[in-house]
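Trainee: Hey, dropping my_file14.pdb in here, PDB, C-alpha atoms, pLDDT in the B column:
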ATOM      1  CA  MET A   1      10.250 191.826 164.322  1.00 49.00           C
ATOM      2  CA  ALA A   2      13.834 192.333 163.251  1.00 43.00           C
ATOM      3  CA  THR A   3      14.961 190.553 160.097  1.00 41.00           C
ATOM      4  CA  LEU A   4      18.430 189.078 159.692  1.00 38.00           C
ATOM      5  CA  GLU A   5      19.049 191.521 156.877  1.00 41.00           C
ATOM      6  CA  GLY A   6      19.632 195.254 157.121  1.00 41.00           C
ATOM      7  CA  ASN A   7      22.347 197.613 158.163  1.00 40.00           C
ATOM      8  CA  GLY A   8      23.585 196.680 161.634  1.00 44.00           C
ATOM      9  CA  ASN A   9      25.125 200.068 162.289  1.00 48.00           C
ATOM     10  CA  ILE A  10      21.833 201.811 161.538  1.00 46.00           C
ATOM     11  CA  ARG A  11      20.056 199.456 163.932  1.00 46.00           C
ATOM     12  CA  MET A  12      22.509 200.152 166.747  1.00 50.00           C
ATOM     13  CA  GLN A  13      22.187 203.918 166.233  1.00 51.00           C
ATOM     14  CA  ALA A  14      18.402 203.629 166.110  1.00 50.00           C
ATOM     15  CA  ARG A  15      18.399 201.731 169.417  1.00 52.00           C
ATOM     16  CA  LEU A  16      20.572 204.424 170.985  1.00 52.00           C
ATOM     17  CA  ILE A  17      18.179 207.105 169.733  1.00 53.00           C
ATOM     18  CA  LEU A  18      15.214 205.127 171.028  1.00 55.00           C
ATOM     19  CA  SER A  19      16.548 204.941 174.578  1.00 52.00           C
ATOM     20  CA  THR A  20      17.351 208.650 174.666  1.00 52.00           C
ATOM     21  CA  LEU A  21      14.118 209.780 173.065  1.00 52.00           C
ATOM     22  CA  PHE A  22      11.794 207.858 175.320  1.00 51.00           C
ATOM     23  CA  ILE A  23      13.379 209.100 178.542  1.00 48.00           C
ATOM     24  CA  ALA A  24      13.263 212.700 177.266  1.00 48.00           C
ATOM     25  CA  GLY A  25       9.800 212.382 175.774  1.00 48.00           C
ATOM     26  CA  LEU A  26       8.154 211.108 178.948  1.00 48.00           C
ATOM     27  CA  ALA A  27       9.997 213.472 181.269  1.00 42.00           C
ATOM     28  CA  PRO A  28       6.744 215.082 182.553  1.00 38.00           C
ATOM     29  CA  LEU A  29       5.545 211.638 183.668  1.00 40.00           C
ATOM     30  CA  ALA A  30       8.825 210.586 185.234  1.00 35.00           C
ATOM     31  CA  ALA A  31       7.960 211.135 188.873  1.00 32.00           C
ATOM     32  CA  ALA A  32       4.534 209.536 188.658  1.00 33.00           C
ATOM     33  CA  GLN A  33       5.827 206.500 186.815  1.00 36.00           C
ATOM     34  CA  GLN A  34       8.939 206.006 188.982  1.00 35.00           C
ATOM     35  CA  PHE A  35      11.561 206.986 186.438  1.00 30.00           C
ATOM     36  CA  ASP A  36      15.026 207.911 187.654  1.00 31.00           C
ATOM     37  CA  THR A  37      14.926 211.623 186.845  1.00 26.00           C
ATOM     38  CA  GLN A  38      18.610 211.978 187.607  1.00 30.00           C
ATOM     39  CA  GLN A  39      19.284 210.297 184.250  1.00 31.00           C
ATOM     40  CA  GLN A  40      17.662 213.015 182.153  1.00 32.00           C
ATOM     41  CA  GLY A  41      20.014 215.091 180.029  1.00 31.00           C
ATOM     42  CA  ALA A  42      22.334 212.145 179.400  1.00 28.00           C
ATOM     43  CA  PRO A  43      21.739 209.292 176.976  1.00 29.00           C
ATOM     44  CA  ALA A  44      20.760 205.930 178.406  1.00 31.00           C
ATOM     45  CA  LYS A  45      22.842 202.891 177.622  1.00 32.00           C
ATOM     46  CA  PRO A  46      21.754 201.771 174.148  1.00 31.00           C
ATOM     47  CA  PRO A  47      19.660 198.613 173.868  1.00 39.00           C
ATOM     48  CA  LYS A  48      21.395 195.767 172.066  1.00 41.00           C
ATOM     49  CA  PRO A  49      19.859 193.211 169.721  1.00 42.00           C
ATOM     50  CA  ALA A  50      18.601 189.943 171.138  1.00 51.00           C
ATOM     51  CA  ALA A  51      20.934 186.955 170.952  1.00 45.00           C
ATOM     52  CA  HIS A  52      19.305 185.641 167.774  1.00 47.00           C
ATOM     53  CA  LYS A  53      19.794 188.944 165.984  1.00 50.00           C
ATOM     54  CA  PRO A  54      23.029 190.101 164.315  1.00 44.00           C
ATOM     55  CA  LYS A  55      25.176 192.191 166.631  1.00 42.00           C
ATOM     56  CA  PRO A  56      27.103 194.977 164.883  1.00 43.00           C
ATOM     57  CA  ALA A  57      30.652 195.860 165.795  1.00 43.00           C
ATOM     58  CA  PRO A  58      30.945 198.619 168.411  1.00 43.00           C
ATOM     59  CA  GLU A  59      31.235 202.096 166.997  1.00 45.00           C
ATOM     60  CA  LYS A  60      31.742 205.548 168.394  1.00 43.00           C
ATOM     61  CA  LYS A  61      28.494 207.091 169.574  1.00 41.00           C
ATOM     62  CA  PRO A  62      27.394 210.045 167.410  1.00 40.00           C
ATOM     63  CA  ALA A  63      27.426 213.257 169.447  1.00 37.00           C
ATOM     64  CA  ALA A  64      24.141 214.376 167.857  1.00 37.00           C
ATOM     65  CA  VAL A  65      22.261 211.548 169.529  1.00 37.00           C
ATOM     66  CA  VAL A  66      22.501 213.260 172.911  1.00 37.00           C
ATOM     67  CA  THR A  67      20.313 216.223 171.902  1.00 43.00           C
ATOM     68  CA  VAL A  68      17.932 214.607 169.408  1.00 52.00           C
ATOM     69  CA  LYS A  69      14.230 214.632 170.284  1.00 70.00           C
ATOM     70  CA  ALA A  70      11.238 212.605 169.215  1.00 78.00           C
ATOM     71  CA  ARG A  71       7.807 214.002 168.474  1.00 86.00           C
ATOM     72  CA  LEU A  72       4.889 212.698 170.499  1.00 91.00           C
ATOM     73  CA  LEU A  73       2.268 211.524 168.039  1.00 92.00           C
ATOM     74  CA  GLU A  74      -0.389 210.580 170.544  1.00 93.00           C
ATOM     75  CA  LYS A  75      -0.936 209.635 174.163  1.00 95.00           C
ATOM     76  CA  ILE A  76      -3.408 206.746 174.174  1.00 96.00           C
ATOM     77  CA  GLY A  77      -4.479 205.541 177.586  1.00 96.00           C
ATOM     78  CA  ASP A  78      -1.321 204.625 179.466  1.00 96.00           C
ATOM     79  CA  TRP A  79       0.766 204.284 176.302  1.00 97.00           C
ATOM     80  CA  SER A  80       2.575 206.891 174.220  1.00 95.00           C
ATOM     81  CA  VAL A  81       3.508 206.785 170.549  1.00 95.00           C
ATOM     82  CA  PHE A  82       6.578 208.693 169.359  1.00 92.00           C
ATOM     83  CA  ILE A  83       8.189 209.327 165.980  1.00 92.00           C
ATOM     84  CA  HIS A  84      11.668 210.534 165.075  1.00 87.00           C
ATOM     85  CA  GLU A  85      12.792 211.598 161.606  1.00 87.00           C
ATOM     86  CA  GLY A  86      16.580 211.386 161.310  1.00 81.00           C
ATOM     87  CA  PRO A  87      19.335 210.978 158.724  1.00 81.00           C
ATOM     88  CA  ASN A  88      19.005 207.205 159.000  1.00 78.00           C
ATOM     89  CA  GLY A  89      15.264 207.187 158.458  1.00 84.00           C
ATOM     90  CA  ARG A  90      12.175 207.116 160.601  1.00 88.00           C
ATOM     91  CA  VAL A  91      11.981 205.489 164.032  1.00 89.00           C
ATOM     92  CA  CYS A  92       8.586 204.912 165.670  1.00 92.00           C
ATOM     93  CA  PHE A  93       7.819 203.402 169.038  1.00 92.00           C
ATOM     94  CA  ALA A  94       4.936 202.778 171.393  1.00 95.00           C
ATOM     95  CA  ALA A  95       5.987 202.562 175.009  1.00 93.00           C
ATOM     96  CA  ALA A  96       4.861 202.598 178.597  1.00 96.00           C
ATOM     97  CA  ALA A  97       6.383 202.743 182.048  1.00 96.00           C
ATOM     98  CA  PRO A  98       5.209 200.480 184.893  1.00 97.00           C
ATOM     99  CA  SER A  99       2.291 201.602 187.029  1.00 96.00           C
ATOM    100  CA  ASP A 100       3.886 199.780 189.964  1.00 96.00           C
ATOM    101  CA  MET A 101       7.347 198.335 190.618  1.00 97.00           C
ATOM    102  CA  GLN A 102       8.329 195.919 193.388  1.00 97.00           C
ATOM    103  CA  PRO A 103      10.402 195.963 195.480  1.00 97.00           C
ATOM    104  CA  LYS A 104      10.255 199.731 195.695  1.00 94.00           C
ATOM    105  CA  ALA A 105      13.639 199.895 197.426  1.00 92.00           C
ATOM    106  CA  ALA A 106      15.463 198.339 194.469  1.00 94.00           C
ATOM    107  CA  LYS A 107      17.795 200.757 192.694  1.00 93.00           C
ATOM    108  CA  ARG A 108      17.076 200.652 188.973  1.00 95.00           C
ATOM    109  CA  THR A 109      17.560 202.739 185.864  1.00 94.00           C
ATOM    110  CA  PRO A 110      14.406 203.638 183.850  1.00 94.00           C
ATOM    111  CA  VAL A 111      12.119 200.666 183.236  1.00 96.00           C
ATOM    112  CA  VAL A 112      10.256 200.739 179.916  1.00 94.00           C
ATOM    113  CA  PHE A 113       8.211 198.350 177.767  1.00 96.00           C
ATOM    114  CA  TYR A 114       8.673 199.017 174.028  1.00 93.00           C
ATOM    115  CA  VAL A 115       7.110 198.099 170.699  1.00 94.00           C
ATOM    116  CA  THR A 116       9.424 199.540 168.053  1.00 91.00           C
ATOM    117  CA  SER A 117       9.696 199.871 164.278  1.00 90.00           C
ATOM    118  CA  TRP A 118      12.631 200.953 162.077  1.00 87.00           C
ATOM    119  CA  PRO A 119      11.172 200.513 158.537  1.00 88.00           C
ATOM    120  CA  LYS A 120      14.405 201.388 156.740  1.00 85.00           C
ATOM    121  CA  ASP A 121      16.171 198.602 158.624  1.00 84.00           C
ATOM    122  CA  GLY A 122      13.395 196.063 158.165  1.00 85.00           C
ATOM    123  CA  VAL A 123      12.398 196.078 161.853  1.00 83.00           C
ATOM    124  CA  ARG A 124       8.671 196.191 162.654  1.00 88.00           C
ATOM    125  CA  ASN A 125       6.788 195.737 165.911  1.00 91.00           C
ATOM    126  CA  GLU A 126       9.784 194.517 167.872  1.00 92.00           C
ATOM    127  CA  VAL A 127       8.809 193.815 171.477  1.00 94.00           C
ATOM    128  CA  SER A 128      11.349 194.428 174.223  1.00 94.00           C
ATOM    129  CA  VAL A 129      11.496 195.477 177.852  1.00 95.00           C
ATOM    130  CA  ARG A 130      14.201 197.476 179.597  1.00 95.00           C
ATOM    131  CA  LEU A 131      14.469 196.029 183.090  1.00 97.00           C
ATOM    132  CA  GLY A 132      16.502 198.717 184.798  1.00 96.00           C
ATOM    133  CA  TYR A 133      19.283 196.306 185.815  1.00 96.00           C
ATOM    134  CA  VAL A 134      21.469 193.540 184.382  1.00 97.00           C
ATOM    135  CA  ILE A 135      19.387 190.386 184.319  1.00 97.00           C
ATOM    136  CA  LYS A 136      20.631 187.147 185.894  1.00 97.00           C
ATOM    137  CA  ALA A 137      22.816 185.194 183.450  1.00 95.00           C
ATOM    138  CA  ASN A 138      20.998 182.663 181.253  1.00 94.00           C
ATOM    139  CA  SER A 139      17.615 183.660 182.665  1.00 96.00           C
ATOM    140  CA  THR A 140      14.409 185.005 181.168  1.00 97.00           C
ATOM    141  CA  ALA A 141      11.887 187.687 181.964  1.00 97.00           C
ATOM    142  CA  SER A 142       8.404 186.298 182.553  1.00 97.00           C
ATOM    143  CA  VAL A 143       5.597 188.287 180.940  1.00 98.00           C
ATOM    144  CA  THR A 144       1.943 187.597 181.716  1.00 98.00           C
ATOM    145  CA  ALA A 145      -0.721 189.253 179.562  1.00 97.00           C
ATOM    146  CA  GLY A 146      -4.221 188.246 178.539  1.00 94.00           C
ATOM    147  CA  GLY A 147      -4.035 185.125 180.674  1.00 94.00           C
ATOM    148  CA  GLN A 148      -0.990 183.867 178.751  1.00 96.00           C
ATOM    149  CA  HIS A 149       2.608 183.473 179.889  1.00 96.00           C
ATOM    150  CA  PHE A 150       5.707 184.288 177.853  1.00 97.00           C
ATOM    151  CA  ALA A 151       9.426 183.817 178.534  1.00 96.00           C
ATOM    152  CA  LEU A 152      11.615 186.556 177.055  1.00 97.00           C
ATOM    153  CA  PRO A 153      15.340 185.705 176.922  1.00 96.00           C
ATOM    154  CA  GLY A 154      17.477 188.246 178.755  1.00 95.00           C
ATOM    155  CA  ASP A 155      20.305 190.256 177.213  1.00 92.00           C
ATOM    156  CA  GLU A 156      22.147 192.437 179.744  1.00 93.00           C
ATOM    157  CA  ASP A 157      19.510 194.929 181.007  1.00 95.00           C
ATOM    158  CA  LYS A 158      16.839 193.968 178.465  1.00 95.00           C
ATOM    159  CA  ALA A 159      14.676 191.064 177.369  1.00 96.00           C
ATOM    160  CA  PHE A 160      13.324 190.301 173.883  1.00 94.00           C
ATOM    161  CA  THR A 161      10.774 187.894 172.445  1.00 91.00           C
ATOM    162  CA  LYS A 162      12.612 184.852 171.112  1.00 86.00           C
ATOM    163  CA  ASP A 163      11.049 184.711 167.641  1.00 87.00           C
ATOM    164  CA  ALA A 164       8.428 186.259 165.351  1.00 87.00           C
ATOM    165  CA  THR A 165       5.717 183.745 166.304  1.00 90.00           C
ATOM    166  CA  GLU A 166       6.105 184.450 170.011  1.00 92.00           C
ATOM    167  CA  GLU A 167       6.154 188.168 169.290  1.00 92.00           C
ATOM    168  CA  ARG A 168       2.828 188.056 167.455  1.00 93.00           C
ATOM    169  CA  LYS A 169       1.262 186.013 170.256  1.00 95.00           C
ATOM    170  CA  LEU A 170       2.432 188.483 172.890  1.00 96.00           C
ATOM    171  CA  LEU A 171       1.131 191.474 170.926  1.00 97.00           C
ATOM    172  CA  ALA A 172      -2.226 189.738 170.547  1.00 96.00           C
ATOM    173  CA  ALA A 173      -2.326 189.028 174.279  1.00 97.00           C
ATOM    174  CA  MET A 174      -1.509 192.662 175.033  1.00 96.00           C
ATOM    175  CA  ALA A 175      -4.364 193.760 172.775  1.00 95.00           C
ATOM    176  CA  SER A 176      -6.835 191.989 175.054  1.00 91.00           C
ATOM    177  CA  GLY A 177      -6.356 194.782 177.596  1.00 89.00           C
ATOM    178  CA  GLY A 178      -6.291 194.505 181.362  1.00 92.00           C
ATOM    179  CA  ALA A 179      -2.877 194.333 183.013  1.00 95.00           C
ATOM    180  CA  MET A 180       0.528 192.969 182.142  1.00 98.00           C
ATOM    181  CA  ILE A 181       3.054 191.694 184.674  1.00 98.00           C
ATOM    182  CA  VAL A 182       6.795 191.389 184.055  1.00 98.00           C
ATOM    183  CA  LYS A 183       8.935 189.382 186.467  1.00 98.00           C
ATOM    184  CA  ALA A 184      12.708 188.940 186.346  1.00 98.00           C
ATOM    185  CA  THR A 185      15.738 188.498 188.575  1.00 98.00           C
ATOM    186  CA  SER A 186      18.800 190.707 188.585  1.00 97.00           C
ATOM    187  CA  ALA A 187      22.400 189.521 188.425  1.00 96.00           C
ATOM    188  CA  HIS A 188      22.572 190.247 192.168  1.00 95.00           C
ATOM    189  CA  GLY A 189      19.609 187.963 192.872  1.00 96.00           C
ATOM    190  CA  THR A 190      16.918 190.604 193.369  1.00 97.00           C
ATOM    191  CA  ALA A 191      13.539 189.406 192.086  1.00 97.00           C
ATOM    192  CA  THR A 192      11.378 192.192 190.665  1.00 98.00           C
ATOM    193  CA  THR A 193       7.720 192.418 189.644  1.00 98.00           C
ATOM    194  CA  ASP A 194       6.509 195.250 187.414  1.00 98.00           C
ATOM    195  CA  HIS A 195       2.856 195.962 186.646  1.00 98.00           C
ATOM    196  CA  TYR A 196       1.863 197.648 183.386  1.00 98.00           C
ATOM    197  CA  SER A 197      -1.527 198.915 182.328  1.00 97.00           C
ATOM    198  CA  LEU A 198      -2.561 197.730 178.865  1.00 97.00           C
ATOM    199  CA  GLU A 199      -5.144 200.480 178.493  1.00 96.00           C
ATOM    200  CA  GLY A 200      -4.456 201.953 175.070  1.00 96.00           C
ATOM    201  CA  ALA A 201      -1.812 199.364 174.132  1.00 96.00           C
ATOM    202  CA  ALA A 202      -3.685 197.954 171.121  1.00 96.00           C
ATOM    203  CA  ALA A 203      -4.532 201.399 169.750  1.00 96.00           C
ATOM    204  CA  ALA A 204      -0.951 202.565 170.328  1.00 96.00           C
ATOM    205  CA  VAL A 205       0.442 199.642 168.296  1.00 95.00           C
ATOM    206  CA  GLN A 206      -2.049 200.429 165.505  1.00 95.00           C
ATOM    207  CA  LYS A 207      -0.895 204.050 165.522  1.00 95.00           C
ATOM    208  CA  LEU A 208       2.699 202.836 165.406  1.00 94.00           C
ATOM    209  CA  GLN A 209       1.945 200.689 162.361  1.00 93.00           C
ATOM    210  CA  LEU A 210       0.372 203.641 160.548  1.00 94.00           C
ATOM    211  CA  ALA A 211       3.327 205.900 161.353  1.00 93.00           C
ATOM    212  CA  CYS A 212       5.937 203.318 160.339  1.00 93.00           C
ATOM    213  CA  PRO A 213       4.256 200.948 157.829  1.00 88.00           C
TER
END
How does this structure look as structure tokens?

Mentor:
Amino acid sequence: MATLEGNGNIRMQARLILSTLFIAGLAPLAAAQQFDTQQQGAPAKPPKPAAHKPKPAPEKKPAAVVTVKARLLEKIGDWSVFIHEGPNGRVCFAAAAPSDMQPKAAKRTPVVFYVTSWPKDGVRNEVSVRLGYVIKANSTASVTAGGQHFALPGDEDKAFTKDATEERKLLAAMASGGAMIVKATSAHGTATTDHYSLEGAAAAVQKLQLACP
């Protein structure tokens, strides 16, 4: 979970790297997991911190971010764990793409569920989901896992857990296995339902914690 301390500029750059690395790293799975392959070769829009986290001032995007690559540590079930060693420290993330997305006709950018750590910036096991569209204003993404329901506040095209307690509960629910469902509504009123497999999720988070303690 992100702390209120740390270098905001490093966090913003790390989030930009994260978006780019995951899309590049899972390129071979793009078609099967319904990624928009047209986006490869260009950086995705960088995730921004949740509303309760400090938001750094905008800065010019480093050109090097476009070509940087992460190293796949392990593919565990339907989850992948990546690591990147850069000038601003190590970034590790476990992530998965949906196994099914509804409605299929909806036009969306890549949809990804992340658990991320930036040890140098004091961020560990941050849970977020990239929805592939701008979420409806003042709404939340509904996440169901392990028989429990969670409301993740939306922030543009992403949603984050609202606090550390909720984050730990969601990670524990994900560790129970089975399936996870994410529902949200776009700014244009399109309701979406994404299904994720939790096979390998618990082991992937453990691997993440070892890589970025």

Trainee: Between CA of Gly177 (chain A) and CA of Val129 (chain A), what is the distance in Å, rounded to a tenth?

Mentor: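 About the pair CA of Gly177 (chain A) and CA of Val129 (chain A): they are 17.9 Å apart.
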
Trainee: Near Ser186 (chain A), counting only C-alpha atoms, which residues have an atom at most 6 Å away, once you skip same-chain residues fewer than 2 positions from it, shown as an MDAnalysis selection string?

Mentor: chainID A and resid 134:136 188:190

Trainee: Taking C-alpha atoms for each residue, export the selection above as a PDB file, keeping the file's coordinate frame.

Mentor:
ATOM      1  CA  VAL A 134      21.469 193.540 184.382  1.00 97.00           C
ATOM      2  CA  ILE A 135      19.387 190.386 184.319  1.00 97.00           C
ATOM      3  CA  LYS A 136      20.631 187.147 185.894  1.00 97.00           C
ATOM      4  CA  HIS A 188      22.572 190.247 192.168  1.00 95.00           C
ATOM      5  CA  GLY A 189      19.609 187.963 192.872  1.00 96.00           C
ATOM      6  CA  THR A 190      16.918 190.604 193.369  1.00 97.00           C
TER       7      THR A 190
END

Trainee: Go through the shown structure with the PyMOL selection byres ((chain A and resi 77-85) around 10) and write out the matching residues as a VMD selection string.

Mentor: chain A and resid 14 17 to 18 21 to 22 25 to 26 68 to 76 86 to 99 113 to 117 196 to 208 211 to 212

Trainee: Around all the atoms of region 181-195 of chain A listed in the file, draw an axis-aligned box and extend it by 3 Å on each of the six sides; I want its centre and edge lengths in Å to one decimal, as JSON.

Mentor:
{"center_x": 12.7, "center_y": 192.0, "center_z": 188.7, "size_x": 25.7, "size_y": 14.0, "size_z": 15.3}

Trainee: Considering only C-alpha atoms, return as number ranges by chain whatever protein or nucleic-acid residues lie within 7 Å of region 161-168 of chain A, sequence-local ones (same chain, fewer than 6 positions apart) excluded.

Mentor: A: 1, 127-128, 152-153

Trainee: Run through the PyMOL selection byres ((chain A and resi 105) around 12) on the given coordinates and return the selected residues as an NGL selection string.

Mentor: :A and (34 or 101-104 or 106-108 or 190-192)

Trainee: One decimal, in Å: what's the spacing between CA of Ser139 (chain A) and CA of Asp155 (chain A)?

Mentor: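 Result for CA of Ser139 (chain A) versus CA of Asp155 (chain A): 9.0 Å, one decimal.
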
Trainee: Have a look at CA of Gly146 (chain A) and CA of Ala172 (chain A) and let me know their distance in Å, one decimal.

Mentor: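 Atom-to-atom, CA of Gly146 (chain A) to CA of Ala172 (chain A), that is 8.4 Å.
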
Trainee: Hey, which of A:Thr140, A:Thr109, A:Ala151, A:Pro119 ends up closest to Ala184 (chain A)? Count only C-alpha atoms.

Mentor: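 Once distances to Ala184 (chain A) are computed over only C-alpha atoms, the minimum belongs to A:Thr140.
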